[in-house]
file work-v3.txt (compact mmCIF, C-alpha atoms)
# COMPACT_ATOMS: atom_id res chain seq x y z
CA MET A 1 0.00 0.00 0.00
CA ASN A 2 1.52 3.36 -0.89
CA LYS A 3 1.33 6.48 1.22
CA VAL A 4 -1.66 7.97 -0.59
CA GLU A 5 -3.73 4.80 -0.22
CA GLN A 6 -2.80 4.63 3.43
CA SER A 7 -3.92 8.16 4.13
CA MET A 8 -7.18 7.56 2.23
CA LYS A 9 -7.78 4.57 4.42
CA THR A 10 -7.54 6.69 7.57
CA VAL A 11 -10.01 9.13 6.04
CA ASP A 12 -12.38 6.22 5.37
CA HIS A 13 -12.37 5.24 9.01
CA MET A 14 -14.92 7.02 11.05
CA PRO A 15 -13.51 8.04 14.43
CA LEU A 16 -14.16 5.85 17.42
CA PHE A 17 -16.42 6.97 20.27
CA GLU A 18 -16.77 5.55 23.76
CA VAL A 19 -20.30 5.25 25.08
CA PHE A 20 -21.42 5.80 28.68
CA ILE A 21 -24.96 5.22 29.89
CA ARG A 22 -26.78 6.16 33.06
CA SER A 23 -29.37 3.51 33.69
CA ARG A 24 -31.26 5.53 36.26
CA ARG A 25 -31.22 9.04 37.69
CA GLY A 26 -28.96 9.27 40.69
CA LEU A 27 -26.45 6.72 39.36
CA ASP A 28 -23.13 7.32 37.61
CA HIS A 29 -22.75 7.01 33.84
CA LYS A 30 -21.12 3.65 33.14
CA HIS A 31 -18.98 2.66 30.18
CA VAL A 32 -20.90 0.22 28.00
CA GLY A 33 -18.84 0.01 24.80
CA SER A 34 -17.79 1.94 21.73
CA LEU A 35 -18.81 2.65 18.15
CA HIS A 36 -17.71 4.49 15.01
CA ALA A 37 -19.46 7.65 13.85
CA ASN A 38 -18.71 10.74 11.80
CA SER A 39 -19.76 13.24 14.42
CA SER A 40 -20.69 13.35 18.07
CA GLU A 41 -24.34 13.91 17.14
CA GLN A 42 -24.28 10.81 14.97
CA ALA A 43 -22.48 8.88 17.70
CA LEU A 44 -25.26 9.78 20.11
CA GLU A 45 -27.91 8.43 17.74
CA TYR A 46 -25.94 5.27 17.02
CA ALA A 47 -25.44 4.78 20.74
CA ARG A 48 -29.17 5.04 21.24
CA ASP A 49 -29.74 2.45 18.52
CA CYS A 50 -26.97 0.09 19.63
CA TYR A 51 -26.93 0.30 23.37
CA THR A 52 -30.40 1.27 24.57
CA ARG A 53 -32.66 -0.99 22.57
CA ARG A 54 -34.14 -2.34 25.79
CA SER A 55 -34.40 0.90 27.71
CA GLU A 56 -31.00 0.43 29.30
CA GLY A 57 -30.81 4.08 30.14
CA GLY A 58 -32.13 7.56 29.80
CA SER A 59 -28.88 9.51 29.58
CA ILE A 60 -26.04 8.79 27.16
CA TRP A 61 -22.57 10.32 27.01
CA VAL A 62 -20.37 9.87 23.95
CA VAL A 63 -16.70 10.84 24.02
CA ARG A 64 -14.14 10.55 21.21
CA SER A 65 -11.85 7.69 22.22
CA SER A 66 -8.86 9.77 21.20
CA ASP A 67 -9.86 12.38 23.79
CA ILE A 68 -9.57 9.90 26.63
CA VAL A 69 -6.31 10.09 28.51
CA ALA A 70 -5.69 6.85 30.36
CA SER A 71 -3.07 5.50 32.73
CA GLN A 72 -1.43 2.23 31.71
CA GLU A 73 -1.32 -0.91 33.76
CA GLU A 74 2.39 -1.32 32.96
CA ASP A 75 3.02 1.99 34.70
CA ALA A 76 1.26 0.80 37.85
CA SER A 77 4.45 0.36 39.85
CA SER A 78 5.40 4.02 39.63
CA PHE A 79 1.84 5.35 39.37
CA HIS A 80 -0.13 3.48 42.04
CA ASP A 81 2.35 1.71 44.29
CA PRO A 82 2.80 4.56 46.77
CA MET A 83 -0.83 3.97 47.88
CA ASP A 84 -0.25 0.33 48.82
CA ASP A 85 1.77 1.05 51.93
CA LYS A 86 -0.81 3.38 53.48
CA PRO A 87 -3.18 1.04 55.32
CA TYR A 88 -3.90 3.84 57.80
CA ARG A 89 -6.12 5.44 55.17
CA HIS A 90 -8.68 2.69 55.79
CA ALA A 91 -11.21 2.75 58.61
CA ALA A 92 -10.55 -0.91 59.46
CA HIS A 93 -6.97 -0.02 60.39
CA TYR A 94 -8.28 1.47 63.65
CA VAL A 95 -9.36 -1.30 65.95
CA LEU A 96 -11.97 -0.07 68.41
CA PRO A 97 -13.41 -1.89 71.41
CA ASP A 98 -16.66 -3.82 70.87
CA ALA A 99 -18.45 -1.44 73.23
CA ILE A 100 -18.02 1.31 70.65
CA SER A 101 -20.35 0.33 67.89
CA ASN A 102 -21.77 2.63 65.29
CA MET A 103 -18.54 4.34 64.25
CA MET B 104 -39.00 17.84 17.41
CA ALA B 105 -42.28 19.12 18.65
CA GLU B 106 -42.11 22.32 20.59
CA TYR B 107 -43.42 22.12 24.09
CA LYS B 108 -44.63 25.19 25.79
CA CYS B 109 -45.00 24.81 29.47
CA ASP B 110 -45.85 27.56 31.82
CA GLN B 111 -43.79 28.01 34.92
CA GLU B 112 -46.42 26.46 37.14
CA GLU B 113 -46.54 23.28 35.11
CA LEU B 114 -42.74 22.98 35.09
CA ASP B 115 -42.66 23.50 38.84
CA ARG B 116 -45.36 20.88 39.33
CA ARG B 117 -43.51 18.26 37.27
CA PHE B 118 -40.27 19.07 39.02
CA GLN B 119 -41.84 18.62 42.46
CA GLN B 120 -43.47 15.40 41.28
CA ARG B 121 -40.08 14.02 40.26
CA ILE B 122 -38.73 14.91 43.72
CA ASP B 123 -41.73 13.35 45.47
CA GLU B 124 -41.19 10.14 43.53
CA GLU B 125 -37.64 9.99 44.96
CA GLN B 126 -36.06 10.49 41.57
CA ARG B 127 -32.77 12.40 41.48
CA VAL B 128 -32.34 15.68 39.65
CA GLU B 129 -29.40 15.61 37.23
CA PRO B 130 -27.33 18.53 35.85
CA LYS B 131 -29.09 18.97 32.50
CA ASP B 132 -32.64 18.76 33.88
CA TRP B 133 -34.86 21.78 34.09
CA MET B 134 -34.93 23.08 37.67
CA PRO B 135 -36.36 26.14 39.40
CA GLU B 136 -33.80 28.94 39.69
CA LYS B 137 -34.29 28.99 43.44
CA PHE B 138 -33.46 25.27 43.61
CA ARG B 139 -30.27 25.94 41.67
CA SER B 140 -29.19 28.91 43.78
CA ASN B 141 -30.09 27.14 47.04
CA LEU B 142 -27.96 24.18 46.04
CA ILE B 143 -25.01 26.29 44.92
CA ARG B 144 -25.13 28.04 48.28
CA GLN B 145 -25.32 24.82 50.28
CA ILE B 146 -22.77 22.80 48.28
CA SER B 147 -20.23 25.62 48.08
CA GLN B 148 -20.53 26.27 51.82
CA HIS B 149 -20.04 22.58 52.39
CA ALA B 150 -16.92 22.71 50.16
CA HIS B 151 -15.58 25.77 52.00
CA SER B 152 -16.05 23.93 55.31
CA GLU B 153 -13.91 21.02 54.11
CA VAL B 154 -11.16 23.36 52.95
CA ILE B 155 -11.17 25.71 55.95
CA GLY B 156 -11.41 22.61 58.16
CA MET B 157 -7.90 21.70 57.07
CA GLN B 158 -6.50 24.57 59.15
CA PRO B 159 -7.23 23.70 62.81
CA GLU B 160 -5.81 20.20 62.30
CA GLY B 161 -3.14 21.10 59.77
CA THR B 162 -1.45 23.30 62.32
CA TRP B 163 -0.65 20.15 64.36
CA ILE B 164 1.02 18.16 61.56
CA THR B 165 4.51 19.37 62.46
CA ARG B 166 3.88 18.77 66.16
CA ALA B 167 2.23 15.34 66.12
CA PRO B 168 3.64 13.24 68.98
CA THR B 169 4.73 10.23 66.87
CA LEU B 170 5.52 9.52 63.25
CA HIS B 171 2.43 7.32 63.03
CA ARG B 172 0.12 10.06 64.29
CA LYS B 173 1.77 12.43 61.86
CA ILE B 174 1.21 10.35 58.71
CA VAL B 175 -2.36 9.64 59.81
CA LEU B 176 -3.02 13.34 60.30
CA LEU B 177 -1.42 14.16 56.96
CA ALA B 178 -3.64 11.58 55.24
CA LYS B 179 -6.73 12.97 56.96
CA VAL B 180 -6.03 16.60 56.09
CA GLN B 181 -5.29 15.53 52.51
CA ASP B 182 -8.70 13.79 52.43
CA GLU B 183 -10.42 17.00 53.54
CA GLY B 184 -8.86 18.85 50.63
CA GLY B 185 -10.15 16.10 48.34
CA HIS B 186 -13.64 16.40 49.81
CA GLY B 187 -13.56 20.10 49.04
CA LEU B 188 -12.74 19.23 45.44
CA TYR B 189 -15.62 16.71 45.09
CA LEU B 190 -18.02 19.35 46.40
CA TYR B 191 -16.74 22.29 44.34
CA SER B 192 -17.07 20.05 41.27
CA ALA B 193 -20.66 19.18 42.19
CA ALA B 194 -21.45 22.90 42.50
CA GLU B 195 -19.80 23.50 39.12
CA THR B 196 -22.32 21.16 37.45
CA LEU B 197 -24.90 23.83 38.38
CA GLY B 198 -23.01 26.60 36.58
CA ALA B 199 -21.07 28.03 39.52
CA THR B 200 -17.40 28.79 38.84
CA ARG B 201 -14.53 27.94 41.16
CA GLU B 202 -13.22 31.51 40.97
CA ASP B 203 -16.54 33.00 42.10
CA MET B 204 -16.91 30.52 44.93
CA VAL B 205 -13.40 31.13 46.25
CA ALA B 206 -13.91 34.89 45.95
CA ALA B 207 -17.16 34.64 47.92
CA LEU B 208 -15.37 32.70 50.66
CA GLN B 209 -12.55 35.19 50.89
CA SER B 210 -14.82 38.24 50.90
CA GLY B 211 -16.88 36.76 53.71
CA GLU B 212 -20.01 36.65 51.57
CA ALA B 213 -20.12 32.84 51.74
CA LYS B 214 -20.20 31.05 55.07
CA TYR B 215 -18.62 27.81 56.20
CA ALA B 216 -19.16 25.62 59.25
CA SER B 217 -18.75 27.85 62.30
CA ILE B 218 -16.92 25.09 64.19
CA PHE B 219 -13.71 25.77 62.29
CA ASN B 220 -13.51 29.24 63.79
CA TYR B 221 -12.43 27.72 67.10
CA PRO B 222 -8.73 27.24 67.83
CA SER B 223 -7.07 23.86 68.31
CA LEU B 224 -5.01 24.55 71.42
CA THR B 225 -3.58 21.14 72.36
CA TRP B 226 -2.85 17.79 70.74
CA ALA B 227 -6.04 16.43 72.35
CA ASP B 228 -8.02 18.80 70.13
CA VAL B 229 -6.91 16.87 67.05
CA GLY B 230 -8.40 13.61 68.34
CA THR B 231 -11.49 15.43 69.58
CA ILE B 232 -12.08 17.05 66.20
CA GLY B 233 -11.93 13.62 64.56
CA TRP B 234 -14.26 12.09 67.10
CA LEU B 235 -16.83 14.89 67.52
CA VAL B 236 -16.60 17.19 64.50
CA ASP B 237 -16.17 14.43 61.93
CA GLY B 238 -18.72 12.37 63.86
CA ALA B 239 -21.27 15.17 63.56
CA ALA B 240 -20.40 15.69 59.90
CA ILE B 241 -20.98 11.98 59.24
CA VAL B 242 -24.44 12.06 60.85
CA ASN B 243 -25.38 14.90 58.51
CA GLN B 244 -23.65 13.52 55.43
CA ILE B 245 -25.15 10.05 55.71
CA THR B 246 -28.58 11.59 55.18
CA LEU B 247 -27.23 13.72 52.31
CA GLN B 248 -26.33 10.57 50.39
CA ARG B 249 -30.06 10.63 49.57
CA THR B 250 -30.22 14.31 48.69
CA SER B 251 -32.23 15.03 45.57
CA TYR B 252 -29.41 16.42 43.42
CA GLY B 253 -27.51 13.52 41.83
CA PRO B 254 -23.95 14.90 41.74
CA TYR B 255 -24.20 16.10 45.37
CA ALA B 256 -25.54 12.72 46.50
CA ARG B 257 -22.77 10.86 44.70
CA ALA B 258 -20.11 13.15 46.19
CA MET B 259 -21.56 12.37 49.64
CA VAL B 260 -21.30 8.62 49.09
CA ARG B 261 -17.61 9.02 48.39
CA VAL B 262 -17.08 11.41 51.30
CA CYS B 263 -18.86 9.14 53.82
CA LYS B 264 -16.73 6.19 52.79
CA GLU B 265 -13.57 8.15 53.54
CA GLU B 266 -14.86 9.97 56.59
CA SER B 267 -15.24 6.87 58.71
CA PHE B 268 -11.44 6.56 58.98
CA HIS B 269 -11.34 10.15 60.23
CA GLN B 270 -13.65 9.53 63.12
CA ARG B 271 -12.07 6.25 64.13
CA GLN B 272 -8.52 7.58 64.14
CA GLY B 273 -9.72 10.50 66.27
CA TYR B 274 -11.42 8.28 68.81
CA GLN B 275 -8.46 5.94 68.96
CA SER B 276 -6.10 8.84 69.55
CA LEU B 277 -8.37 10.07 72.36
CA MET B 278 -8.38 6.58 73.88
CA ALA B 279 -4.60 6.81 74.18
CA LEU B 280 -4.99 10.05 76.12
CA ALA B 281 -8.02 9.10 78.21
CA PHE B 282 -6.40 5.84 79.32
CA GLY B 283 -2.98 7.47 79.76
CA SER B 284 -1.50 9.59 82.54
CA GLU B 285 -3.50 12.02 84.69
CA GLU B 286 -2.21 14.92 82.60
CA GLN B 287 -3.18 13.23 79.36
CA LYS B 288 -6.65 12.49 80.63
CA ALA B 289 -7.06 16.08 81.82
CA MET B 290 -6.02 17.27 78.37
CA ALA B 291 -8.67 15.06 76.73
CA GLN B 292 -11.33 16.35 79.17
CA ASP B 293 -10.34 19.95 78.47
CA ALA B 294 -10.67 19.40 74.72
CA LEU B 295 -14.11 17.82 75.15
CA ASP B 296 -15.16 20.75 77.37
CA ARG B 297 -14.26 23.24 74.65
CA TRP B 298 -15.52 21.35 71.58
CA TRP B 299 -18.80 19.86 72.83
CA TRP B 300 -21.11 22.87 72.49
CA PRO B 301 -19.69 24.22 69.23
CA THR B 302 -20.15 20.71 67.80
CA LEU B 303 -23.84 20.71 68.74
CA MET B 304 -24.14 24.07 66.97
CA MET B 305 -22.86 22.49 63.75
CA PHE B 306 -26.35 21.15 63.06
CA GLY B 307 -27.64 24.69 62.76
CA PRO B 308 -30.51 26.58 64.40
CA HIS B 309 -33.60 24.86 65.80
CA ASP B 310 -36.04 23.77 63.09
CA ALA B 311 -38.48 26.56 63.89
CA GLU B 312 -35.80 29.21 63.40
CA SER B 313 -33.97 27.76 60.43
CA ALA B 314 -34.39 30.16 57.52
CA ASN B 315 -33.74 27.82 54.58
CA SER B 316 -35.00 24.57 56.07
CA ALA B 317 -38.63 24.29 55.01
CA GLN B 318 -38.09 24.75 51.28
CA SER B 319 -34.95 22.61 51.35
CA MET B 320 -36.94 19.79 52.98
CA ARG B 321 -39.70 20.08 50.38
CA TRP B 322 -37.11 19.83 47.63
CA LYS B 323 -35.38 17.03 49.54
CA ILE B 324 -32.07 18.86 49.33
CA LYS B 325 -32.14 18.37 53.10
CA ARG B 326 -33.44 14.97 54.19
CA GLU B 327 -33.71 15.43 57.94
CA SER B 328 -34.23 18.39 60.21
CA ASN B 329 -31.43 20.05 62.19
CA ASP B 330 -32.93 19.00 65.53
CA SER B 331 -33.39 15.36 64.62
CA LEU B 332 -29.80 15.09 63.34
CA ARG B 333 -28.53 16.78 66.50
CA GLN B 334 -30.48 14.35 68.67
CA ARG B 335 -29.05 11.37 66.79
CA PHE B 336 -25.53 12.70 67.29
CA VAL B 337 -26.03 13.18 71.04
CA ASP B 338 -27.56 9.72 71.43
CA GLN B 339 -24.67 7.98 69.75
CA THR B 340 -21.91 10.09 71.31
CA VAL B 341 -22.83 9.90 75.01
CA PRO B 342 -21.90 6.19 75.35
CA GLN B 343 -18.65 6.86 73.52
CA ALA B 344 -17.75 9.55 76.07
CA GLU B 345 -18.72 7.21 78.90
CA TYR B 346 -16.38 4.54 77.57
CA LEU B 347 -13.54 7.06 77.70
CA ASP B 348 -14.66 8.00 81.22
CA LEU B 349 -14.86 11.63 80.10
CA ARG B 350 -17.59 13.97 81.30
CA ILE B 351 -19.76 15.80 78.75
CA PRO B 352 -19.98 19.43 79.95
CA ASP B 353 -23.75 19.59 80.25
CA PRO B 354 -25.44 19.32 83.68
CA ASP B 355 -28.83 18.79 82.01
CA LEU B 356 -27.74 15.79 80.00
CA ARG B 357 -29.73 12.69 81.01
CA TRP B 358 -31.47 9.70 79.47
CA ASN B 359 -35.19 10.23 79.01
CA GLU B 360 -36.99 6.89 79.41
CA GLU B 361 -40.15 8.18 77.88
CA ARG B 362 -38.62 9.69 74.75
CA GLU B 363 -35.91 7.04 74.59
CA HIS B 364 -33.44 9.80 73.82
CA TYR B 365 -31.01 11.89 75.79
CA ASP B 366 -32.27 15.27 76.96
CA PHE B 367 -29.66 17.95 76.79
CA GLY B 368 -29.19 21.56 77.87
CA LYS B 369 -29.75 24.83 76.06
CA ILE B 370 -27.39 25.83 73.30
CA ASP B 371 -25.96 29.35 73.48
CA TRP B 372 -27.35 30.69 70.22
CA ASN B 373 -25.86 34.12 70.85
CA GLU B 374 -22.43 32.57 70.59
CA PHE B 375 -23.49 30.77 67.42
CA GLU B 376 -24.73 34.01 65.83
CA ARG B 377 -21.56 35.80 66.82
CA VAL B 378 -19.28 33.16 65.31
CA VAL B 379 -21.33 32.72 62.14
CA SER B 380 -21.39 36.44 61.50
CA GLY B 381 -17.61 36.67 61.63
CA ASP B 382 -16.72 37.34 65.24
CA GLY B 383 -15.53 33.96 66.47
CA PRO B 384 -12.07 33.37 67.94
CA CYS B 385 -10.40 32.55 64.59
CA ASN B 386 -12.63 33.86 61.75
CA ARG B 387 -10.18 36.49 60.53
CA GLU B 388 -7.20 34.19 60.92
CA ARG B 389 -8.87 31.43 58.85
CA ILE B 390 -9.74 33.70 55.95
CA THR B 391 -6.42 35.53 56.04
CA HIS B 392 -4.60 32.22 55.93
CA HIS B 393 -6.73 30.95 53.03
CA THR B 394 -6.20 34.15 51.07
CA GLN B 395 -2.46 34.14 51.72
CA ALA B 396 -2.10 30.50 50.68
CA HIS B 397 -4.14 31.19 47.55
CA GLU B 398 -2.11 34.25 46.60
CA SER B 399 1.29 32.79 47.38
CA GLY B 400 0.35 29.78 45.24
CA ALA B 401 -0.45 32.00 42.25
CA TRP B 402 3.02 31.59 40.74
CA VAL B 403 2.53 27.80 40.63
CA ARG B 404 -0.68 28.18 38.62
CA GLU B 405 1.01 30.68 36.32
CA ALA B 406 4.06 28.47 35.86
CA ALA B 407 1.89 25.45 35.04
CA LYS B 408 0.02 27.47 32.46
CA ALA B 409 3.21 28.83 30.91
CA HIS B 410 4.69 25.32 30.81
CA GLU B 411 1.61 23.98 29.04
CA GLU B 412 1.74 26.79 26.49
CA LYS B 413 5.43 26.09 25.81
CA ARG B 414 4.71 22.40 25.36
CA ARG B 415 1.90 23.16 22.93
CA ILE B 416 4.14 25.37 20.79
CA ARG B 417 6.94 22.78 20.88
CA ASN B 418 4.53 20.00 19.83
CA GLU B 419 3.12 22.12 17.04
CA SER B 420 6.49 22.96 15.59
CA ALA B 421 7.55 19.31 15.88
CA ALA B 422 4.41 18.27 14.03
CA SER B 423 4.91 20.78 11.24
CA ALA B 424 8.56 19.67 10.93
CA ARG B 425 7.37 16.06 10.53
CA CYS B 426 4.84 17.16 7.95
CA SER B 427 7.37 18.99 5.77
CA GLN B 428 9.69 15.97 6.00
CA GLU B 429 6.96 13.70 4.70
CA VAL B 430 6.16 16.04 1.83
CA ALA B 431 9.83 16.17 0.93

call {"tool": "encode", "arguments": {"input": "work-v3.txt", "output": "structure tokens"}}
result
Amino acid sequence: MNKVEQSMKTVDHMPLFEVFIRSRRGLDHKHVGSLHANSSEQALEYARDCYTRRSEGGSIWVVRSSDIVASQEEDASSFHDPMDDKPYRHAAHYVLPDAISNM
Amino acid sequence: MAEYKCDQEELDRRFQQRIDEEQRVEPKDWMPEKFRSNLIRQISQHAHSEVIGMQPEGTWITRAPTLHRKIVLLAKVQDEGGHGLYLYSAAETLGATREDMVAALQSGEAKYASIFNYPSLTWADVGTIGWLVDGAAIVNQITLQRTSYGPYARAMVRVCKEESFHQRQGYQSLMALAFGSEEQKAMAQDALDRWWWPTLMMFGPHDAESANSAQSMRWKIKRESNDSLRQRFVDQTVPQAEYLDLRIPDPDLRWNEEREHYDFGKIDWNEFERVVSGDGPCNRERITHHTQAHESGAWVREAAKAHEEKRRIRNESAASARCSQEVA
């Protein structure tokens, strides 16, 4: 494939969108999957058609996948490790007498 | 799409119906302006309380008696800053801006919990704040997990989960003092004597005198009345004080068989009014400190912005260099 064909191919691809749905008021939007669309408006309609055929939710968010900045699992050692040695951040770390319930 | 024309009354009626059916209101829903402004006021004041609340405890970080107590206190104060962030973000979903909220705090236009205008004089105050002040906050925040505005409710779920460690570490630290030497026990008693009444004031005026309460209850922004939350706090705290063998400074405090609750003495509402309206022991100090910290941190915000701008320009010129290479 030459360069021109390659670049045409990327133009052919519609951008990828991630889809988040809130199943009920009061709950968080949850990631349900992704889809290709030419615009965010189109992505919203596709998401409705693909992901809410059985009334899975009343509110949909679509976000261009390329706009998502994510941490990588391989980086976990430098990124998350410092939290592992802080058990004192958990309530269960503080042992209280049985007489003190309700805390 | 069809165009719907609803008059104000009809919109209000549907809104109230949604609330009555225990549905949550979400950011993009229609809502009465008063609902929006009420919530911005309450959530931003809640956020300010978390942030100002870092001061009375933060001052003890360098003087904590052991390394363990120090890292625990650091973690707790860091949590409070995080809670402020969750809450400011929830207020921002209603159209409030961070800049306006911070400005309102610093000008004195916005209030925060009056309890943080009291000084923390000894190490025992740190444990007492965890036990009483966080304990009272939890009683209130547990009910707010069911508040009618979705983002506020979800922030409260997160806060409550973290807050339980705060109260437990405080109580445990007080146990060390109360079961320690005579001096240590006296220090714990002195802290309880000073913090007890201001903690009871945290729940706000009596229901009959609470200006914003009735509408907030109808809109389910508030889920329980000030007096009923205060009673719950007293009922659960008295046995905890008894276990420590500390005396709650209220001669009228006694179990009422008939009500199955503790009766307690009269709160000094004059003191409450004085502290809320700016004349407590530390009001000026708290705001001065916040303003100073904010201003002396300005260069960090400016540097971060300048760095980002530099990076953007560097990336752009790198991209255009790549482009011209490919063309060549």

call {"tool": "atom_distance", "arguments": {"input": "work-v3.txt", "atom1": "atom CA of Glu136 of chain B", "atom2": "atom CA of Ser251 of chain B"}}
result
15.2 Å

call {"tool": "closest_residue", "arguments": {"input": "work-v3.txt", "among": "A:His80, A:Arg22, A:His13, A:Arg64", "to": "Ala43 of chain A", "atoms": "all atoms listed in the file"}}
result
A:Arg64

call {"tool": "residues_around", "arguments": {"input": "work-v3.txt", "residues": "Val242 of chain B", "least_positions_apart": "2", "cutoff": "8 Å", "atoms": "all atoms listed in the file", "output": "ChimeraX atom specification"}}
result
/B:238-240,244-246,332,335-336

call {"tool": "interface_residues", "arguments": {"input": "work-v3.txt", "of": "chain A", "to": "chain B", "cutoff": "6 Å", "atoms": "all atoms listed in the file", "output": "list in words"}}
result
Arg25, Gly26, His90 and Ala91 of chain A

call {"tool": "atom_distance", "arguments": {"input": "work-v3.txt", "atom1": "atom CA of Met290 of chain B", "atom2": "atom CA of Thr225 of chain B"}}
result
7.6 Å

call {"tool": "atom_distance", "arguments": {"input": "work-v3.txt", "atom1": "atom CA of Glu312 of chain B", "atom2": "atom CA of Asn329 of chain B"}}
result
10.2 Å

call {"tool": "axis_aligned_box", "arguments": {"input": "work-v3.txt", "around": "segment 91-98 of chain A", "padding_each_side": "5 Å", "output": "lines of an AutoDock Vina configuration file"}}
result
center_x = -11.8
center_y = -0.5
center_z = 65.0
size_x = 19.7
size_y = 16.6
size_z = 22.8

call {"tool": "residues_around", "arguments": {"input": "work-v3.txt", "residues": "Gly33 of chain A", "least_positions_apart": "3", "cutoff": "9 Å", "atoms": "all atoms listed in the file", "output": "NGL selection string"}}
result
:A and (17-20 or 51)

call {"tool": "closest_residue", "arguments": {"input": "work-v3.txt", "among": "B:Ala407, B:Met157, B:Ala294, B:Met304", "to": "Glu376 of chain B", "atoms": "only C-alpha atoms"}}
result
B:Met304

call {"tool": "closest_residue", "arguments": {"input": "work-v3.txt", "among": "B:Gln334, B:Glu124, B:Glu398, B:Phe375", "to": "Leu356 of chain B", "atoms": "only C-alpha atoms"}}
result
B:Gln334

call {"tool": "residues_near_point", "arguments": {"input": "work-v3.txt", "point": "(-26.2, 2.9, 17.4)", "cutoff": "12 Å", "atoms": "only C-alpha atoms", "output": "PyMOL selection string"}}
result
chain A and resi 17-19+33-37+40-53+60+62

call {"tool": "closest_residue", "arguments": {"input": "work-v3.txt", "among": "B:Asn141, B:Ser420, B:Ser331, B:Thr231", "to": "Gln292 of chain B", "atoms": "only C-alpha atoms"}}
result
B:Thr231

call {"tool": "closest_residue", "arguments": {"input": "work-v3.txt", "among": "B:His397, B:Arg404, B:Arg415, B:Arg333", "to": "Phe367 of chain B", "atoms": "all atoms listed in the file"}}
result
B:Arg333

call {"tool": "closest_residue", "arguments": {"input": "work-v3.txt", "among": "B:Gln119, B:Ser380, B:Ser399, B:Thr394", "to": "Asn220 of chain B", "atoms": "all atoms listed in the file"}}
result
B:Ser380

call {"tool": "build_atoms", "arguments": {"input": "work-v3.txt", "residues": "segment 268-279 of chain B", "atoms": "N, CA, C and O atoms", "output": "JSON list (two decimals), in the frame of the given file"}}
result
[["chain", "number", "residue", "atom", "x", "y", "z"],
["B", 268, "PHE", "N", -12.81, 6.64, 58.47],
["B", 268, "PHE", "CA", -11.44, 6.56, 58.98],
["B", 268, "PHE", "C", -11.13, 7.78, 59.85],
["B", 268, "PHE", "O", -10.48, 7.67, 60.88],
["B", 269, "HIS", "N", -11.65, 8.94, 59.47],
["B", 269, "HIS", "CA", -11.34, 10.15, 60.23],
["B", 269, "HIS", "C", -11.84, 10.05, 61.66],
["B", 269, "HIS", "O", -11.16, 10.40, 62.62],
["B", 270, "GLN", "N", -13.08, 9.59, 61.79],
["B", 270, "GLN", "CA", -13.65, 9.53, 63.12],
["B", 270, "GLN", "C", -12.95, 8.47, 63.97],
["B", 270, "GLN", "O", -12.65, 8.70, 65.15],
["B", 271, "ARG", "N", -12.68, 7.34, 63.37],
["B", 271, "ARG", "CA", -12.07, 6.25, 64.13],
["B", 271, "ARG", "C", -10.65, 6.59, 64.58],
["B", 271, "ARG", "O", -10.28, 6.31, 65.72],
["B", 272, "GLN", "N", -9.88, 7.23, 63.71],
["B", 272, "GLN", "CA", -8.52, 7.58, 64.14],
["B", 272, "GLN", "C", -8.58, 8.61, 65.28],
["B", 272, "GLN", "O", -7.76, 8.59, 66.18],
["B", 273, "GLY", "N", -9.58, 9.49, 65.23],
["B", 273, "GLY", "CA", -9.72, 10.50, 66.27],
["B", 273, "GLY", "C", -10.05, 9.85, 67.61],
["B", 273, "GLY", "O", -9.44, 10.16, 68.64],
["B", 274, "TYR", "N", -11.01, 8.93, 67.56],
["B", 274, "TYR", "CA", -11.42, 8.28, 68.81],
["B", 274, "TYR", "C", -10.27, 7.45, 69.38],
["B", 274, "TYR", "O", -10.03, 7.47, 70.59],
["B", 275, "GLN", "N", -9.57, 6.77, 68.50],
["B", 275, "GLN", "CA", -8.46, 5.94, 68.96],
["B", 275, "GLN", "C", -7.36, 6.80, 69.59],
["B", 275, "GLN", "O", -6.77, 6.42, 70.60],
["B", 276, "SER", "N", -7.11, 7.94, 69.00],
["B", 276, "SER", "CA", -6.10, 8.84, 69.55],
["B", 276, "SER", "C", -6.54, 9.38, 70.91],
["B", 276, "SER", "O", -5.74, 9.53, 71.83],
["B", 277, "LEU", "N", -7.86, 9.62, 71.06],
["B", 277, "LEU", "CA", -8.37, 10.07, 72.36],
["B", 277, "LEU", "C", -8.31, 8.96, 73.41],
["B", 277, "LEU", "O", -8.12, 9.20, 74.60],
["B", 278, "MET", "N", -8.49, 7.70, 72.95],
["B", 278, "MET", "CA", -8.38, 6.58, 73.88],
["B", 278, "MET", "C", -6.99, 6.55, 74.51],
["B", 278, "MET", "O", -6.83, 6.32, 75.71],
["B", 279, "ALA", "N", -5.98, 6.80, 73.67],
["B", 279, "ALA", "CA", -4.60, 6.81, 74.18],
["B", 279, "ALA", "C", -4.44, 7.85, 75.28],
["B", 279, "ALA", "O", -3.78, 7.60, 76.29]]
